[in-house]
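Written below as structure tokens is the structure these notes are about.
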Amino acid sequence: MPNVELPVEEHQRRVKAIKTPRTWRQIAVELGLSADGIQRWAYLNGIKRPKYKESREKEVVKLLKQGKEYQEIADSLKIPHSTVRSIARRNNLTGKPSVSPKEVEEMLRLRKNGCPLLQIAKKTGRSAQTVYKYLSKNDPNYRKRQQVNPWTQKEVDILVEKWKEGLLYKDISKFLPNRNPVAVRSKISYLGLSRYKTKFSGISSQKQREMALSDLCGGEIRCQAKKSWDCCNRQKDLRFLQIDHINGDGYKDNLKGEKRHKAIIEDPEKYRKIYQVLCANANNIKKAENKEHGRSR
Ligand SMILES: [Zn+2]
């Protein structure tokens, strides 16, 4: 696609659209173009999009400080409620003061008079979730009324047994005629059972990759290619680095992605003999050289 010179107005319209912080997709929709197309056009014309995440966070913070509700902000910026909430938490703007004993009393009183949850929420200016939390904590009858079909000990025993066998929620529910998979799942989380808890839980996969690369490099992460390859200047940017099999025997090992990262973190000594960190250029040079020497897979 040649880079055609656009009429000035169209050019300005595009620049303005790109400079308004949001996703490429949203920009593309406004302009009636494909996301790829507009990105390419922006690149060719040297127009940079503002850093979306940062500017979005600023915008959210601004609105939070004006006292806007999470949902209101989420709707107006077309982002998920959960994003607004996590930004609020990150910036210590979770807003409303905690519920006072007096408020709890008021909630209980309304409840006693048969006021529905949503009404109580409206009257006290709290979310339904908050009201539920305090009612269930302070009114011993509240949860009972909710729980029409309490779990029996026998059911719990079956649940725990099947869970330990490694069955999925929906398969466990087949052994429990009165429970659907959703109920099974919430009971499992209520009981605090988990088979996936490992030392890696809570560490993002991106962070795991970083740890693995750092272990392979023995500290500072950078391209480990021989200087004579002239591939890069000790590339440090994680985006351009790859894990490479030193002996090119990648086909023999089935460690991939996250699994590979975890293995490296577990035993860096061992894997330093098998893997190295190369930039994409070095990887291509290596591949080309291997082909030249008639190496086949
Ligand atoms: Zn390199």
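Following the order of the structure tokens, first chain is A, next is B, and so on, with residues numbered from 1 inside each chain and ligands from 1 in the order they appear.
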Could the residues of chain A that have an atom at most 12 Å from ligand 1 be listed as a Markdown table, each with its closest atom pair and the distance in Å to one decimal, counting only C-alpha atoms and all ligand atoms and ordered by chain and ascending residue number?
| residue | atom | partner | partner_atom_place_in_ligand_line | distance |
| --- | --- | --- | --- | --- |
| A:Ile221 | CA | ligand 1 | 1 (Zn) | 11.6 |
| A:Arg222 | CA | ligand 1 | 1 (Zn) | 7.9 |
| A:Cys223 | CA | ligand 1 | 1 (Zn) | 4.6 |
| A:Gln224 | CA | ligand 1 | 1 (Zn) | 6.6 |
| A:Ala225 | CA | ligand 1 | 1 (Zn) | 5.4 |
| A:Lys226 | CA | ligand 1 | 1 (Zn) | 8.1 |
| A:Lys227 | CA | ligand 1 | 1 (Zn) | 8.3 |
| A:Ser228 | CA | ligand 1 | 1 (Zn) | 10.2 |
| A:Trp229 | CA | ligand 1 | 1 (Zn) | 7.7 |
| A:Asp230 | CA | ligand 1 | 1 (Zn) | 7.1 |
| A:Cys231 | CA | ligand 1 | 1 (Zn) | 4.4 |
| A:Cys232 | CA | ligand 1 | 1 (Zn) | 4.2 |
| A:Asn233 | CA | ligand 1 | 1 (Zn) | 6.6 |
| A:Arg234 | CA | ligand 1 | 1 (Zn) | 5.8 |
| A:Gln235 | CA | ligand 1 | 1 (Zn) | 5.7 |
| A:Lys236 | CA | ligand 1 | 1 (Zn) | 9.0 |
| A:Asp237 | CA | ligand 1 | 1 (Zn) | 10.5 |
| A:Leu238 | CA | ligand 1 | 1 (Zn) | 11.6 |
| A:Phe240 | CA | ligand 1 | 1 (Zn) | 8.8 |
| A:Leu241 | CA | ligand 1 | 1 (Zn) | 8.0 |
| A:Gln242 | CA | ligand 1 | 1 (Zn) | 9.9 |
| A:Ile243 | CA | ligand 1 | 1 (Zn) | 11.8 |
| A:Asp244 | CA | ligand 1 | 1 (Zn) | 11.7 |
| A:Gln276 | CA | ligand 1 | 1 (Zn) | 11.3 |
| A:Val277 | CA | ligand 1 | 1 (Zn) | 8.7 |
| A:Leu278 | CA | ligand 1 | 1 (Zn) | 5.6 |
| A:Cys279 | CA | ligand 1 | 1 (Zn) | 4.2 |
| A:Ala280 | CA | ligand 1 | 1 (Zn) | 7.0 |
| A:Asn281 | CA | ligand 1 | 1 (Zn) | 6.0 |
| A:Ala282 | CA | ligand 1 | 1 (Zn) | 4.9 |
| A:Asn283 | CA | ligand 1 | 1 (Zn) | 8.0 |
| A:Asn284 | CA | ligand 1 | 1 (Zn) | 10.0 |
| A:Ile285 | CA | ligand 1 | 1 (Zn) | 9.6 |
| A:Lys286 | CA | ligand 1 | 1 (Zn) | 10.7 |
Practice item. Pick out the residues sitting within 6 Å of segment 257-268 of chain A, and hand them over as a VMD selection string; count only C-alpha atoms, and ignore anything fewer than 4 positions along from it in its own chain. Key: chain A and resid 209 212 215 272
Produce a file of the selected residues containing C-alpha atoms, as a PDB file, in the first residue's frame.
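So result-v1.pdb came out as:
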ATOM      1  CA  ARG A 209       9.890 -15.287  32.005  1.00  0.00           C
ATOM      2  CA  ALA A 212      14.086 -17.458  33.845  1.00  0.00           C
ATOM      3  CA  ASP A 215      18.774 -17.134  35.696  1.00  0.00           C
ATOM      4  CA  ARG A 272      22.272 -23.037  31.755  1.00  0.00           C
TER       5      ARG A 272
END
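Between Lys164 of chain A and the candidates A:Ser136, A:Lys16, A:Lys287, A:Leu193, the tightest atom-to-atom separation, counting only C-alpha atoms, involves A:Leu193.
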Write out as number ranges by chain each polymer residue whose atoms come within 10 Å of Lys53 of chain A, counting only C-alpha atoms; drop sequence neighbours fewer than 5 positions from it. A: 21-23, 58-59
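Taking atom CA of Leu64 of chain A and atom CA of Ala88 of chain A as endpoints, the distance between them is 7.4 Å.
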Long-range neighbours of segment 39-45 of chain A as a list in words, 12 Å cut-off, only C-alpha atoms, 3 positions minimum in chain
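Once the adjacent positions are removed, what remains is Met1, Pro2, Asn3, Val4, Glu5, Leu6, His11, Gln12, Arg14, Val15, Lys16, Ala17, Ile18, Lys19, Thr23, Trp24, Arg25, Gln26, Ile27, Ala28, Leu31, Leu33, Ser34, Ala35, Asp36, Lys48, Arg49 and Pro50 of chain A.
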List every residue of segment 175-277 of chain A that DSSP, applied to the backbone of this structure, assigns to strand (DSSP E or B), and report them as a PDB file with N, CA and C atoms, in the first residue's frame.
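Output file selection.pdb is given in full below:
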ATOM      1  N   LEU A 241      14.490 -10.660  23.066  1.00  0.00           N
ATOM      2  CA  LEU A 241      15.303 -11.800  23.491  1.00  0.00           C
ATOM      3  C   LEU A 241      14.510 -13.103  23.460  1.00  0.00           C
ATOM      4  N   GLN A 242      15.203 -14.165  23.154  1.00  0.00           N
ATOM      5  CA  GLN A 242      14.578 -15.479  23.068  1.00  0.00           C
ATOM      6  C   GLN A 242      15.440 -16.504  23.779  1.00  0.00           C
ATOM      7  N   ILE A 243      14.796 -17.574  24.206  1.00  0.00           N
ATOM      8  CA  ILE A 243      15.553 -18.670  24.798  1.00  0.00           C
ATOM      9  C   ILE A 243      15.915 -19.642  23.685  1.00  0.00           C
ATOM     10  N   ASP A 244      17.185 -19.953  23.580  1.00  0.00           N
ATOM     11  CA  ASP A 244      17.671 -20.770  22.472  1.00  0.00           C
ATOM     12  C   ASP A 244      18.326 -22.039  23.010  1.00  0.00           C
ATOM     13  N   HIS A 245      18.142 -23.136  22.289  1.00  0.00           N
ATOM     14  CA  HIS A 245      18.842 -24.372  22.647  1.00  0.00           C
ATOM     15  C   HIS A 245      20.281 -24.272  22.183  1.00  0.00           C
ATOM     16  N   TYR A 275      20.268 -24.177  27.644  1.00  0.00           N
ATOM     17  CA  TYR A 275      19.709 -22.990  26.982  1.00  0.00           C
ATOM     18  C   TYR A 275      20.642 -21.801  27.102  1.00  0.00           C
ATOM     19  N   GLN A 276      20.468 -20.885  26.153  1.00  0.00           N
ATOM     20  CA  GLN A 276      21.092 -19.579  26.278  1.00  0.00           C
ATOM     21  C   GLN A 276      20.103 -18.516  25.825  1.00  0.00           C
ATOM     22  N   VAL A 277      20.408 -17.289  26.148  1.00  0.00           N
ATOM     23  CA  VAL A 277      19.532 -16.187  25.770  1.00  0.00           C
ATOM     24  C   VAL A 277      20.139 -15.478  24.563  1.00  0.00           C
TER      25      VAL A 277
END
Quiz item: So which residues touch segment 119-122 of chain A within 10 Å, counting only C-alpha atoms, skipping near sequence neighbours fewer than 6 positions away, as a PyMOL selection string?
Solution: chain A and resi 106-111+128-132
Applying 10 Å and only C-alpha atoms, which residues near Val182 of chain A remain after dropping the ones on its own chain fewer than 5 positions away? List them as a ChimeraX atom specification. /A:169-170,173,187-188
Of A:Arg85, A:Arg239, A:Lys65, A:Lys137, the one nearest to Glu210 of chain A when counting only C-alpha atoms is A:Arg239
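Here atom CA of Leu168 of chain A stands at a distance of 9.2 Å from atom CA of Arg185 of chain A.
Going from atom CA of Glu165 of chain A over to atom CA of Trp151 of chain A, you cover 20.2 Å.
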Practice problem: Any chance you could list, as an MDAnalysis selection string, the residues in segment 19-122 of chain A that come up alpha helix (DSSP H) when DSSP is run on the backbone? | Solution: chainID A and resid 19 24:31 35:44 52:65 70:77 81:90 101:112 117:122
Proximity to Ser100 of chain A - best of A:Tyr134, A:Phe200, A:Tyr190, A:Phe175, only C-alpha atoms: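 Between A:Tyr134, A:Phe200, A:Tyr190, A:Phe175, the residue approaching Ser100 of chain A most closely is A:Tyr134.
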Residue among A:Ser127, A:Ser55, A:Ser186, A:Thr94 lying closest to Gly67 of chain A, counting only C-alpha atoms: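 Nearest to Gly67 of chain A: A:Thr94.
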